[in-house]
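Have a look at structure_3.txt; it's compact mmCIF, C-alpha atoms and all ligand atoms:
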```txt
# COMPACT_ATOMS: atom_id res chain seq x y z
CA MET A 1 -43.11 55.49 -2.95
CA PRO A 2 -43.62 54.92 -6.69
CA ALA A 3 -45.64 51.78 -7.36
CA TYR A 4 -42.96 50.37 -9.68
CA ASP A 5 -39.20 50.43 -9.86
CA VAL A 6 -39.22 50.59 -13.67
CA ILE A 7 -41.80 51.08 -16.43
CA VAL A 8 -40.94 49.65 -19.86
CA LEU A 9 -42.71 51.49 -22.67
CA GLY A 10 -43.25 49.22 -25.69
CA LEU A 11 -43.05 45.41 -25.62
CA GLY A 12 -41.65 44.54 -29.04
CA GLY A 13 -38.27 42.86 -29.36
CA MET A 14 -36.30 45.28 -27.19
CA GLY A 15 -38.98 46.02 -24.58
CA SER A 16 -39.90 42.39 -23.91
CA ALA A 17 -36.22 41.51 -23.37
CA THR A 18 -35.72 44.55 -21.11
CA LEU A 19 -38.79 43.61 -19.08
CA PHE A 20 -37.40 40.11 -18.53
CA HIS A 21 -33.94 41.28 -17.47
CA LEU A 22 -35.39 43.78 -15.01
CA ALA A 23 -37.90 41.32 -13.54
CA ARG A 24 -35.32 38.54 -13.08
CA ARG A 25 -33.26 40.98 -10.98
CA GLY A 26 -36.19 41.25 -8.58
CA LEU A 27 -37.33 44.71 -9.63
CA ARG A 28 -41.02 45.66 -9.68
CA VAL A 29 -41.69 46.22 -13.36
CA LEU A 30 -44.65 47.35 -15.46
CA GLY A 31 -44.62 46.77 -19.23
CA LEU A 32 -46.98 48.85 -21.38
CA GLU A 33 -47.84 47.95 -24.97
CA ARG A 34 -50.24 49.86 -27.23
CA PHE A 35 -51.20 46.83 -29.38
CA ASP A 36 -51.62 43.11 -28.64
CA LEU A 37 -48.66 41.22 -27.22
CA VAL A 38 -48.12 39.72 -30.69
CA HIS A 39 -48.92 42.17 -33.49
CA GLU A 40 -47.87 43.22 -37.00
CA HIS A 41 -47.75 47.02 -36.68
CA GLY A 42 -44.12 47.40 -35.58
CA SER A 43 -40.75 45.84 -36.44
CA SER A 44 -40.65 42.41 -34.80
CA HIS A 45 -43.08 40.25 -36.80
CA GLY A 46 -42.59 38.03 -39.86
CA LEU A 47 -41.59 34.64 -38.34
CA THR A 48 -37.80 34.80 -38.73
CA ARG A 49 -34.87 37.21 -38.15
CA ILE A 50 -31.26 36.70 -39.18
CA ILE A 51 -28.55 36.34 -36.58
CA ARG A 52 -24.91 36.32 -37.71
CA LEU A 53 -21.50 36.91 -36.17
CA ALA A 54 -19.36 38.17 -39.08
CA TYR A 55 -20.83 41.62 -38.67
CA TRP A 56 -20.12 43.62 -41.80
CA GLU A 57 -21.78 46.76 -40.42
CA HIS A 58 -18.98 47.31 -37.84
CA PRO A 59 -16.71 44.99 -35.83
CA THR A 60 -17.76 46.65 -32.57
CA TYR A 61 -21.00 44.66 -32.70
CA VAL A 62 -19.25 41.28 -32.48
CA SER A 63 -18.69 41.24 -28.73
CA LEU A 64 -22.34 42.18 -28.17
CA LEU A 65 -23.32 39.38 -30.54
CA ARG A 66 -21.34 36.82 -28.57
CA ARG A 67 -23.28 37.78 -25.47
CA ALA A 68 -26.53 37.87 -27.49
CA TYR A 69 -25.97 34.26 -28.60
CA GLN A 70 -25.37 33.19 -24.96
CA LEU A 71 -28.53 34.91 -23.80
CA TRP A 72 -30.65 33.46 -26.66
CA ARG A 73 -29.41 29.98 -25.69
CA GLU A 74 -30.26 30.73 -22.07
CA LEU A 75 -33.73 31.89 -23.11
CA GLU A 76 -34.22 28.59 -24.96
CA GLU A 77 -33.29 26.67 -21.82
CA LEU A 78 -35.52 28.72 -19.57
CA SER A 79 -38.50 28.62 -21.92
CA GLY A 80 -38.01 25.05 -23.13
CA GLU A 81 -38.44 26.23 -26.74
CA ARG A 82 -36.12 26.17 -29.72
CA LEU A 83 -35.76 29.80 -30.75
CA LEU A 84 -32.44 29.96 -32.64
CA HIS A 85 -31.80 27.80 -35.72
CA VAL A 86 -28.24 27.60 -37.04
CA THR A 87 -27.94 27.48 -40.83
CA GLY A 88 -24.62 29.26 -41.39
CA SER A 89 -24.58 32.71 -42.97
CA VAL A 90 -23.26 34.15 -46.22
CA ASP A 91 -22.10 37.76 -46.68
CA ALA A 92 -21.42 38.30 -50.36
CA GLY A 93 -20.84 40.99 -52.96
CA PRO A 94 -18.14 42.54 -55.08
CA ALA A 95 -14.59 41.97 -53.78
CA GLY A 96 -14.23 45.61 -52.69
CA GLY A 97 -17.83 46.03 -51.47
CA SER A 98 -18.81 46.92 -47.92
CA VAL A 99 -20.65 43.64 -47.16
CA PHE A 100 -17.83 41.25 -48.11
CA GLN A 101 -15.03 43.51 -46.83
CA GLY A 102 -16.86 44.33 -43.59
CA ALA A 103 -17.64 40.66 -42.87
CA LEU A 104 -14.02 39.71 -43.57
CA ARG A 105 -12.72 42.46 -41.31
CA SER A 106 -15.01 41.44 -38.42
CA SER A 107 -14.06 37.77 -38.87
CA GLU A 108 -10.33 38.48 -38.91
CA LEU A 109 -10.39 40.98 -36.04
CA HIS A 110 -12.41 38.67 -33.82
CA GLY A 111 -10.92 35.35 -34.94
CA LEU A 112 -14.27 34.01 -36.16
CA PRO A 113 -14.30 30.72 -38.05
CA HIS A 114 -15.08 31.52 -41.69
CA GLU A 115 -14.46 30.45 -45.27
CA VAL A 116 -14.09 32.64 -48.34
CA MET A 117 -15.24 31.40 -51.74
CA ASP A 118 -16.46 32.68 -55.10
CA GLY A 119 -20.01 32.55 -56.44
CA ALA A 120 -19.39 29.30 -58.35
CA GLU A 121 -18.12 27.48 -55.27
CA LEU A 122 -21.02 28.82 -53.21
CA HIS A 123 -23.42 27.32 -55.79
CA ARG A 124 -21.66 23.95 -55.60
CA ARG A 125 -21.98 23.93 -51.81
CA PHE A 126 -25.46 25.47 -51.59
CA PRO A 127 -27.20 25.02 -54.97
CA GLY A 128 -30.03 27.49 -54.24
CA TYR A 129 -27.52 30.34 -54.72
CA ARG A 130 -26.76 31.37 -58.33
CA LEU A 131 -24.44 34.35 -57.84
CA PRO A 132 -22.03 35.54 -60.53
CA SER A 133 -18.81 33.58 -60.12
CA GLU A 134 -16.73 36.74 -59.54
CA MET A 135 -18.68 37.54 -56.37
CA ARG A 136 -16.78 37.10 -53.12
CA CYS A 137 -18.67 35.19 -50.45
CA LEU A 138 -17.85 34.79 -46.78
CA TYR A 139 -19.44 31.79 -45.11
CA GLN A 140 -19.70 31.83 -41.32
CA PRO A 141 -20.95 28.60 -39.73
CA GLU A 142 -22.65 30.16 -36.70
CA GLY A 143 -25.18 32.31 -38.61
CA GLY A 144 -28.85 31.39 -38.52
CA PHE A 145 -32.26 32.74 -37.64
CA LEU A 146 -34.40 33.52 -34.62
CA LEU A 147 -38.18 33.24 -34.25
CA PRO A 148 -39.05 36.80 -33.19
CA GLU A 149 -42.69 36.38 -32.17
CA ARG A 150 -41.77 33.34 -30.03
CA CYS A 151 -38.74 35.13 -28.51
CA ASN A 152 -40.86 38.13 -27.52
CA VAL A 153 -43.48 35.89 -25.92
CA ALA A 154 -40.80 33.83 -24.14
CA HIS A 155 -39.32 37.00 -22.63
CA VAL A 156 -42.75 38.13 -21.42
CA VAL A 157 -43.73 34.72 -20.01
CA LEU A 158 -40.47 34.59 -18.04
CA ALA A 159 -40.90 38.20 -16.90
CA HIS A 160 -44.40 37.25 -15.66
CA SER A 161 -42.89 34.37 -13.73
CA HIS A 162 -40.65 36.89 -11.94
CA GLY A 163 -43.65 39.06 -11.04
CA ALA A 164 -43.70 41.58 -13.91
CA GLU A 165 -47.02 43.26 -14.66
CA VAL A 166 -47.91 43.64 -18.35
CA HIS A 167 -50.71 45.72 -19.86
CA CYS A 168 -51.37 45.35 -23.58
CA ARG A 169 -53.74 47.48 -25.64
CA GLU A 170 -52.81 50.37 -23.37
CA PRO A 171 -51.04 53.13 -25.34
CA VAL A 172 -48.83 55.56 -23.44
CA LEU A 173 -50.00 59.12 -24.16
CA GLU A 174 -47.32 61.08 -22.32
CA TRP A 175 -44.65 60.81 -19.67
CA GLY A 176 -42.66 63.12 -17.42
CA ALA A 177 -39.67 62.92 -15.09
CA THR A 178 -38.66 65.02 -12.11
CA GLY A 179 -36.41 64.55 -9.10
CA GLY A 180 -35.54 60.91 -9.67
CA ARG A 181 -39.08 59.77 -10.44
CA VAL A 182 -41.10 59.26 -13.58
CA TRP A 183 -44.80 59.21 -14.36
CA VAL A 184 -46.58 57.81 -17.36
CA ARG A 185 -50.14 58.57 -18.52
CA THR A 186 -51.92 56.01 -20.65
CA THR A 187 -55.43 55.66 -22.08
CA ARG A 188 -56.34 53.84 -18.86
CA GLY A 189 -54.45 55.46 -16.02
CA ARG A 190 -51.41 57.11 -14.57
CA TYR A 191 -48.43 55.20 -13.16
CA GLU A 192 -45.31 56.21 -11.26
CA ALA A 193 -41.91 54.58 -11.10
CA GLY A 194 -38.28 55.27 -10.33
CA ARG A 195 -37.20 54.75 -13.94
CA LEU A 196 -38.61 54.59 -17.46
CA VAL A 197 -37.18 52.65 -20.41
CA VAL A 198 -38.51 53.73 -23.82
CA CYS A 199 -38.44 50.90 -26.41
CA ALA A 200 -41.09 52.27 -28.77
CA GLY A 201 -39.57 51.15 -32.10
CA PRO A 202 -40.98 53.18 -35.01
CA TRP A 203 -42.86 55.44 -32.53
CA ALA A 204 -39.70 56.38 -30.60
CA ALA A 205 -39.59 59.99 -31.82
CA ARG A 206 -43.29 60.44 -30.94
CA LEU A 207 -42.49 59.66 -27.33
CA VAL A 208 -39.08 61.30 -27.17
CA PRO A 209 -39.15 64.39 -29.40
CA GLU A 210 -35.35 64.72 -29.02
CA LEU A 211 -35.16 61.70 -31.38
CA GLY A 212 -36.80 63.69 -34.20
CA GLY A 213 -34.73 63.04 -37.36
CA LEU A 214 -32.66 60.43 -35.46
CA ALA A 215 -35.15 57.52 -35.40
CA VAL A 216 -36.98 57.67 -38.71
CA PRO A 217 -39.53 54.98 -39.68
CA GLU A 218 -39.25 53.42 -43.14
CA ARG A 219 -41.62 50.97 -44.87
CA GLN A 220 -40.24 47.55 -45.85
CA VAL A 221 -41.77 44.56 -47.63
CA LEU A 222 -40.72 40.90 -47.42
CA ALA A 223 -41.58 38.10 -49.86
CA TRP A 224 -41.98 34.35 -49.44
CA LEU A 225 -41.86 32.60 -52.85
CA GLN A 226 -42.50 28.90 -53.41
CA PRO A 227 -39.26 27.25 -54.56
CA ALA A 228 -39.29 25.01 -57.65
CA ARG A 229 -36.58 22.98 -55.87
CA PRO A 230 -37.69 22.98 -52.21
CA GLU A 231 -34.72 20.79 -51.26
CA TYR A 232 -32.36 23.71 -52.06
CA PHE A 233 -34.22 26.04 -49.72
CA ARG A 234 -34.49 23.97 -46.57
CA PRO A 235 -32.74 25.25 -43.42
CA ASP A 236 -30.04 22.58 -43.82
CA ALA A 237 -29.38 23.61 -47.44
CA LEU A 238 -29.57 27.42 -47.56
CA PRO A 239 -27.53 29.58 -45.17
CA VAL A 240 -29.12 32.97 -44.37
CA PHE A 241 -27.55 35.75 -46.41
CA ASN A 242 -26.66 39.40 -46.89
CA LEU A 243 -25.99 40.14 -50.52
CA GLU A 244 -24.70 43.32 -52.12
CA VAL A 245 -25.72 43.56 -55.80
CA GLU A 246 -25.97 46.36 -58.37
CA ASP A 247 -29.23 47.83 -57.13
CA GLY A 248 -28.66 47.52 -53.38
CA ARG A 249 -28.46 45.05 -50.51
CA TYR A 250 -30.73 42.08 -50.00
CA TYR A 251 -31.09 39.55 -47.18
CA GLY A 252 -32.77 36.19 -47.09
CA PHE A 253 -33.69 32.98 -45.32
CA PRO A 254 -34.48 29.35 -46.03
CA SER A 255 -38.12 28.18 -46.08
CA PHE A 256 -39.39 27.83 -42.54
CA LEU A 257 -42.98 27.69 -41.21
CA VAL A 258 -44.24 29.08 -44.56
CA PRO A 259 -43.36 27.02 -47.69
CA GLY A 260 -41.46 29.89 -49.25
CA PHE A 261 -37.94 31.21 -49.79
CA LYS A 262 -38.01 34.45 -47.74
CA PHE A 263 -36.08 37.60 -48.62
CA GLY A 264 -36.21 41.39 -48.63
CA LYS A 265 -34.28 44.43 -49.78
CA TYR A 266 -32.73 46.79 -47.24
CA HIS A 267 -34.42 50.19 -47.53
CA HIS A 268 -36.82 48.59 -50.03
CA ARG A 269 -38.34 51.59 -51.91
CA GLY A 270 -36.81 54.24 -49.64
CA GLU A 271 -40.20 55.23 -48.21
CA VAL A 272 -40.03 57.32 -45.04
CA VAL A 273 -43.42 56.96 -43.34
CA ASP A 274 -45.56 57.99 -40.43
CA PRO A 275 -45.86 54.74 -38.41
CA ASP A 276 -49.61 55.29 -37.94
CA GLU A 277 -50.22 55.90 -41.65
CA ALA A 278 -47.78 53.44 -43.29
CA ARG A 279 -49.42 51.28 -45.98
CA ARG A 280 -49.51 47.76 -44.51
CA GLU A 281 -50.86 46.07 -47.61
CA PRO A 282 -48.06 45.10 -50.02
CA GLU A 283 -48.51 46.41 -53.57
CA PRO A 284 -47.65 45.01 -57.04
CA GLU A 285 -44.58 47.33 -57.17
CA ASP A 286 -43.25 45.73 -53.98
CA GLU A 287 -43.66 42.25 -55.38
CA ASP A 288 -42.16 43.12 -58.79
CA LEU A 289 -39.03 44.58 -57.19
CA LEU A 290 -38.46 41.52 -55.02
CA ARG A 291 -39.32 38.97 -57.70
CA ALA A 292 -36.75 40.47 -60.10
CA PHE A 293 -34.04 39.83 -57.50
CA ALA A 294 -35.09 36.20 -56.90
CA ARG A 295 -35.33 35.46 -60.61
CA ARG A 296 -31.77 36.64 -61.11
CA TYR A 297 -29.91 35.25 -58.10
CA PHE A 298 -32.16 32.43 -56.80
CA PRO A 299 -34.01 31.19 -59.93
CA ASP A 300 -35.00 27.90 -58.26
CA GLY A 301 -36.64 29.91 -55.47
CA ALA A 302 -38.68 32.32 -57.60
CA GLY A 303 -41.98 30.43 -57.88
CA PRO A 304 -45.49 31.54 -56.97
CA THR A 305 -45.95 34.02 -54.14
CA MET A 306 -46.87 32.43 -50.81
CA MET A 307 -46.84 35.53 -48.63
CA LEU A 308 -45.90 39.23 -48.65
CA LYS A 309 -45.65 41.32 -45.48
CA ALA A 310 -44.95 44.96 -44.77
CA CYS A 311 -42.89 45.93 -41.73
CA LEU A 312 -41.12 49.07 -40.43
CA PHE A 313 -37.44 49.88 -40.00
CA THR A 314 -36.47 52.78 -37.70
CA ASN A 315 -33.34 54.34 -39.16
CA SER A 316 -30.76 56.42 -37.36
CA PRO A 317 -28.64 58.78 -39.52
CA ASP A 318 -25.56 56.49 -39.41
CA ARG A 319 -27.63 53.26 -39.27
CA HIS A 320 -26.15 52.38 -35.87
CA PHE A 321 -28.24 51.88 -32.73
CA ILE A 322 -29.11 54.49 -30.12
CA LEU A 323 -28.66 53.19 -26.55
CA ASP A 324 -28.44 55.93 -23.98
CA ARG A 325 -30.02 57.85 -21.17
CA HIS A 326 -32.28 60.76 -22.05
CA PRO A 327 -30.20 63.95 -22.46
CA ASP A 328 -32.28 65.89 -19.89
CA HIS A 329 -33.73 63.10 -17.74
CA PRO A 330 -31.26 60.55 -16.37
CA GLU A 331 -34.23 58.57 -15.02
CA VAL A 332 -35.15 57.67 -18.61
CA ALA A 333 -33.22 55.24 -20.82
CA ILE A 334 -33.78 54.96 -24.57
CA ALA A 335 -33.29 52.06 -27.01
CA ALA A 336 -34.03 53.24 -30.57
CA GLY A 337 -32.88 53.54 -34.18
CA PHE A 338 -32.18 49.85 -34.82
CA SER A 339 -32.04 50.59 -38.56
CA GLY A 340 -33.26 47.20 -39.77
CA HIS A 341 -30.61 45.06 -38.06
CA GLY A 342 -31.53 45.07 -34.37
CA TYR A 343 -33.47 41.91 -33.68
CA LYS A 344 -30.52 39.56 -33.24
CA PHE A 345 -29.33 41.84 -30.42
CA CYS A 346 -32.60 42.01 -28.42
CA SER A 347 -31.38 39.56 -25.80
CA VAL A 348 -28.25 41.57 -24.98
CA ILE A 349 -29.96 44.94 -25.39
CA GLY A 350 -32.48 43.81 -22.76
CA GLU A 351 -29.54 43.23 -20.44
CA ILE A 352 -27.98 46.61 -21.30
CA MET A 353 -31.21 48.54 -20.82
CA ALA A 354 -31.80 46.80 -17.49
CA ASP A 355 -28.28 47.89 -16.45
CA LEU A 356 -28.87 51.49 -17.57
CA ALA A 357 -32.24 51.65 -15.79
CA ARG A 358 -31.05 50.11 -12.54
CA ASP A 359 -27.46 51.32 -12.27
CA GLY A 360 -27.16 54.16 -14.79
CA ARG A 361 -24.27 52.31 -16.45
CA THR A 362 -23.45 48.94 -18.01
CA ARG A 363 -20.43 46.65 -18.25
CA HIS A 364 -21.01 46.43 -22.01
CA ASP A 365 -19.19 48.94 -24.16
CA VAL A 366 -21.99 51.15 -25.46
CA GLU A 367 -19.96 54.30 -26.12
CA PHE A 368 -20.40 53.76 -29.88
CA PHE A 369 -24.20 53.95 -29.46
CA ARG A 370 -24.46 57.19 -27.45
CA LEU A 371 -26.96 59.82 -28.55
CA THR A 372 -24.31 62.52 -28.20
CA ARG A 373 -22.60 61.34 -31.43
CA PHE A 374 -25.28 63.23 -33.35
CA ALA A 375 -24.70 66.54 -31.55
CA ALA A 376 -23.78 69.33 -33.98
CA ALA A 377 -20.05 70.10 -34.00
CA PRO A 378 -19.34 73.35 -32.08
C1 LIG A 401 -38.84 43.53 -42.58
C2 LIG A 401 -37.82 43.54 -41.48
C3 LIG A 401 -36.81 42.59 -41.47
C4 LIG A 401 -35.83 42.60 -40.50
N1 LIG A 401 -34.88 41.63 -40.49
C5 LIG A 401 -33.98 41.58 -39.49
C6 LIG A 401 -33.08 40.48 -39.39
O1 LIG A 401 -33.12 39.58 -40.23
N2 LIG A 401 -32.21 40.47 -38.35
C7 LIG A 401 -32.17 41.45 -37.42
O2 LIG A 401 -31.34 41.39 -36.51
N3 LIG A 401 -33.04 42.49 -37.47
C8 LIG A 401 -33.93 42.57 -38.47
N4 LIG A 401 -34.85 43.59 -38.52
C9 LIG A 401 -34.80 44.64 -37.52
C10 LIG A 401 -35.43 44.23 -36.22
O3 LIG A 401 -36.58 43.46 -36.44
C11 LIG A 401 -35.73 45.49 -35.41
O4 LIG A 401 -34.50 46.21 -35.24
C12 LIG A 401 -36.31 45.16 -34.06
O5 LIG A 401 -37.43 44.33 -34.20
C13 LIG A 401 -36.69 46.45 -33.36
O6 LIG A 401 -37.35 46.14 -32.14
P1 LIG A 401 -38.03 47.31 -31.28
O7 LIG A 401 -38.38 46.69 -29.98
O8 LIG A 401 -37.17 48.51 -31.33
O9 LIG A 401 -39.34 47.68 -32.11
P2 LIG A 401 -40.78 46.97 -32.10
O10 LIG A 401 -40.62 45.51 -32.08
O11 LIG A 401 -41.60 47.59 -33.16
O12 LIG A 401 -41.36 47.35 -30.68
C14 LIG A 401 -41.80 48.64 -30.34
C15 LIG A 401 -43.06 48.45 -29.53
O13 LIG A 401 -43.42 49.67 -28.90
C16 LIG A 401 -44.82 49.75 -28.90
N5 LIG A 401 -45.23 51.13 -28.71
C17 LIG A 401 -44.97 52.17 -29.52
N6 LIG A 401 -45.53 53.29 -29.05
C18 LIG A 401 -46.18 52.96 -27.90
C19 LIG A 401 -46.97 53.68 -26.95
N7 LIG A 401 -47.23 54.98 -27.12
N8 LIG A 401 -47.48 53.01 -25.91
C20 LIG A 401 -47.22 51.69 -25.73
N9 LIG A 401 -46.51 50.96 -26.61
C21 LIG A 401 -45.98 51.58 -27.67
C22 LIG A 401 -45.18 49.20 -30.27
O14 LIG A 401 -46.53 48.84 -30.38
C23 LIG A 401 -44.23 48.03 -30.41
O15 LIG A 401 -44.78 46.83 -29.93
C24 LIG A 401 -35.85 43.59 -39.49
C25 LIG A 401 -36.87 44.54 -39.49
C26 LIG A 401 -37.86 44.52 -40.46
C27 LIG A 401 -38.96 45.54 -40.42
```

Re-express the file's structure as structure tokens.
Amino acid sequence: MPAYDVIVLGLGGMGSATLFHLARRGLRVLGLERFDLVHEHGSSHGLTRIIRLAYWEHPTYVSLLRRAYQLWRELEELSGERLLHVTGSVDAGPAGGSVFQGALRSSELHGLPHEVMDGAELHRRFPGYRLPSEMRCLYQPEGGFLLPERCNVAHVVLAHSHGAEVHCREPVLEWGATGGRVWVRTTRGRYEAGRLVVCAGPWAARLVPELGGLAVPERQVLAWLQPARPEYFRPDALPVFNLEVEDGRYYGFPSFLVPGFKFGKYHHRGEVVDPDEARREPEPEDEDLLRAFARRYFPDGAGPTMMLKACLFTNSPDRHFILDRHPDHPEVAIAAGFSGHGYKFCSVIGEIMADLARDGRTRHDVEFFRLTRFAAAP
């Protein structure tokens, strides 16, 4: 008999949630993490992550988001911690742009409460924003932010309470699967289980070579700048945002935990990196790029730098997630390619991956996220 029912490889956002959902179902689970339980080498650090319902990327995400919100609230109850802060969210850009149009489409299709306004009205309501008045802005009251490090820890603490075993600072070197069983070799030992779930973030393609070119790490940098008018940048005054402007898409948050307006640019400097070699120390070019954005659209938030942090996205070719079983090994499930917008979904993806590992299928509609969509046309 294998020692474990399921091994979860990687305990970042997705792996910690998967571990919890498996353990609460009474399965014998082992979680393996190559770094510390809380670390800054992957994708889930940096104090806050946006959660929003008016999903401009594609309306198919909205039903998953509804379940994600429920599960985050449940996690708060179980852990006794506040993990999700509601600020409202703004999706803004040119009238015909993908952010505004996509958010509007998701809101209309799913009957989400929302308001549409121009840049001038947005400034009157939330004075930290100084967008050109012709910009179209969709405000959605349920948007907000999560505390990723605390969420990951909460999932692991609750998994522990259901008997999960967790080994940190134990990198997985290789794995194999045959005849309904899997084995995993780490720097410290060899383990067997019935199933394996790979949640390795930027290292996904290292562990599953079939993901080569489909889960590509990219360097990002975030800034926290001291606001000249801190009252405009408090969580009750500044909704989180996604903003499409001339030189790309930006996202941002109110000041929280660090006295700084926090924001970043999607696909920052377009730097594809090796996750073991990526430059972690932010550079003057990173800061200049971000500061120019704040000066223009959030001038009251563009004061002295409080903090800069590098982080990694893992991009799929179409920027949608990969949730599937391994093409050759049905014992292995894969969660990868979250393309810079996955954190808000960790709670529900943990549930989905637990379903795929235990039952081979899930009640959630994950057809859109299958690996087979990338197969070459015949
Ligand atoms: C700067 C930035 C801002 C973002 N903002 C948002 C946002 O506002 N909202 C949102 O929804 N999403 C956001 N995202 C995206 C979101 O954070 C990610 O999609 C999510 O964190 C991915 O989680 P993961 O579990 O796949 O990866 P990770 O959290 O990186 O976890 C992977 C884990 O696997 C471990 N691992 C890898 N290889 C091995 C091995 N061989 N052995 C053992 N362990 C291994 C790693 O150490 C790591 O802990 C942002 C991402 C970044 C980088």

Inset, instruction - Go through A:Arg269, A:Arg229, A:Arg82, A:His58 and flag the residue nearest Phe369 (chain A), using only C-alpha atoms for the distances. - result: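 Looking only at the distances to Phe369 (chain A), the closest residue turns out to be A:His58.
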
Legend entry - Selection: 9 Å around Leu290 (chain A), all atoms listed in the file, excl. self and same-chain fewer than 3 positions, as a ChimeraX atom specification: /A:221-223,263-265,268,285-287,293-295

Inset, instruction - Using only C-alpha atoms, pick whichever of A:Ala215, A:Met117, A:Val184, A:Leu47 has the shortest atom-to-atom distance to Gly201 (chain A). - result: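 Using only C-alpha atoms, Gly201 (chain A) sits closest to A:Ala215.
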
Per residue of chain A within 7 Å of ligand LIG 401 (chain A), what are the shortest atom pair and its distance in Å to one decimal, counting all atoms listed in the file, with rows by chain and residue number, as CSV?
```
residue,atom,partner,partner_atom,distance
A:Leu9,CA,A:LIG401,C20,5.5
A:Gly10,CA,A:LIG401,O13,3.2
A:Leu11,CA,A:LIG401,O15,4.9
A:Gly12,CA,A:LIG401,O12,3.3
A:Gly13,CA,A:LIG401,O7,3.9
A:Met14,CA,A:LIG401,O7,3.8
A:Gly15,CA,A:LIG401,O7,5.5
A:Leu32,CA,A:LIG401,C20,5.2
A:Glu33,CA,A:LIG401,N9,3.7
A:Arg34,CA,A:LIG401,C20,3.8
A:Phe35,CA,A:LIG401,O14,5.2
A:His41,CA,A:LIG401,O14,6.7
A:Gly42,CA,A:LIG401,O11,3.5
A:Ser43,CA,A:LIG401,O11,3.8
A:Ser44,CA,A:LIG401,O5,3.8
A:Thr48,CA,A:LIG401,O1,6.9
A:Arg49,CA,A:LIG401,O1,3.6
A:Ile50,CA,A:LIG401,O1,3.6
A:Ile51,CA,A:LIG401,O2,5.8
A:Glu170,CA,A:LIG401,C20,6.2
A:Pro171,CA,A:LIG401,N8,3.6
A:Val172,CA,A:LIG401,N8,3.8
A:Leu173,CA,A:LIG401,N7,5.8
A:Cys199,CA,A:LIG401,O7,5.5
A:Ala200,CA,A:LIG401,O13,3.5
A:Gly201,CA,A:LIG401,O9,3.5
A:Pro202,CA,A:LIG401,O11,5.9
A:Trp203,CA,A:LIG401,N6,4.9
A:Ala204,CA,A:LIG401,N6,6.8
A:Leu207,CA,A:LIG401,N7,6.7
A:Gln220,CA,A:LIG401,C1,5.4
A:Val221,CA,A:LIG401,C1,5.9
A:Leu222,CA,A:LIG401,C1,5.8
A:Gly264,CA,A:LIG401,C1,6.9
A:Ala310,CA,A:LIG401,C1,6.6
A:Cys311,CA,A:LIG401,C27,4.2
A:Leu312,CA,A:LIG401,C27,4.1
A:Phe313,CA,A:LIG401,C27,4.6
A:Ala335,CA,A:LIG401,O8,6.8
A:Ala336,CA,A:LIG401,O8,5.7
A:Phe338,CA,A:LIG401,O4,4.3
A:Ser339,CA,A:LIG401,O4,6.0
A:Gly340,CA,A:LIG401,C9,3.7
A:His341,CA,A:LIG401,N3,3.6
A:Gly342,CA,A:LIG401,O4,3.3
A:Tyr343,CA,A:LIG401,O2,3.6
A:Lys344,CA,A:LIG401,O2,3.8
A:Phe345,CA,A:LIG401,O2,6.4
```

Inset, instruction - Please identify all polymer residues lying at most 12 Å from the point (-17.5, 34.9, -39.8) (file coordinates), using all atoms listed in the file, and present the result as an NGL selection string. - result: :A and (51-56 or 59 or 62 or 65 or 88-92 or 99-116 or 137-144)

Inset, instruction - Kindly indicate which residue among A:Arg73, A:Arg358, A:Arg67, A:Arg325 lies nearest to Arg370 (chain A), using all atoms listed in the file for the distances. - result: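 Residue with the minimum atom-to-atom distance to Arg370 (chain A): A:Arg325.
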
Inset, instruction - Have a look at A:Ala292, A:Ile322, A:Leu75, A:Val348 and name the one nearest to Leu214 (chain A); count only C-alpha atoms. - result: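 Answer, going by the shortest atom-to-atom distance: A:Ile322.
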
Inset, instruction - Measure the distance from CA of Gly176 (chain A) to CA of Ala333 (chain A) in Å and round it to one decimal. - result: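 Separation of CA of Gly176 (chain A) and CA of Ala333 (chain A): 12.8 Å.
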
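Taking CA of Tyr69 (chain A) and CA of Leu225 (chain A) as endpoints, the distance between them is 29.0 Å.
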
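Nearest to Glu218 (chain A) of all the residues A:Arg206, A:Glu192, A:Gly337, A:Gly252 is A:Gly337, counting only C-alpha atoms.
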
Inset, instruction - Find, counting all atoms listed in the file, the residue in A:Glu283, A:Glu134, A:Asp355, A:Asp365 that gets nearest to Gly96 (chain A). - result: A:Glu134

Inset, instruction - Could you jot down the CA of Gly260 (chain A) to CA of Leu84 (chain A) separation for me, Å, one decimal place? - result: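 Between CA of Gly260 (chain A) and CA of Leu84 (chain A) the gap is 18.9 Å.
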
Closest-contact table, region 101-197 of chain A side, partner region 19-28 of chain A, 8 Å, counting only C-alpha atoms, as a tab-separated table:
```
residue	atom	partner	partner_atom	distance
A:His155	CA	A:Phe20	CA	5.5
A:Val156	CA	A:Phe20	CA	6.4
A:Leu158	CA	A:Phe20	CA	6.3
A:Ala159	CA	A:Phe20	CA	4.3
A:His160	CA	A:Ala23	CA	8.0
A:His162	CA	A:Ala23	CA	5.5
A:Gly163	CA	A:Ala23	CA	6.7
A:Ala164	CA	A:Ala23	CA	5.8
```

Could you name the residues that touch Asp236 (chain A) at 9 Å or less, counting only C-alpha atoms, but leaving out those on the same chain fewer than 6 positions away, as a PDB file with C-alpha atoms, keeping the file's coordinate frame?
```pdb
ATOM      1  CA  VAL A  86     -28.240  27.600 -37.040  1.00  0.00           C
ATOM      2  CA  THR A  87     -27.940  27.480 -40.830  1.00  0.00           C
ATOM      3  CA  GLY A  88     -24.620  29.260 -41.390  1.00  0.00           C
ATOM      4  CA  PRO A 254     -34.480  29.350 -46.030  1.00  0.00           C
TER       5      PRO A 254
END
```
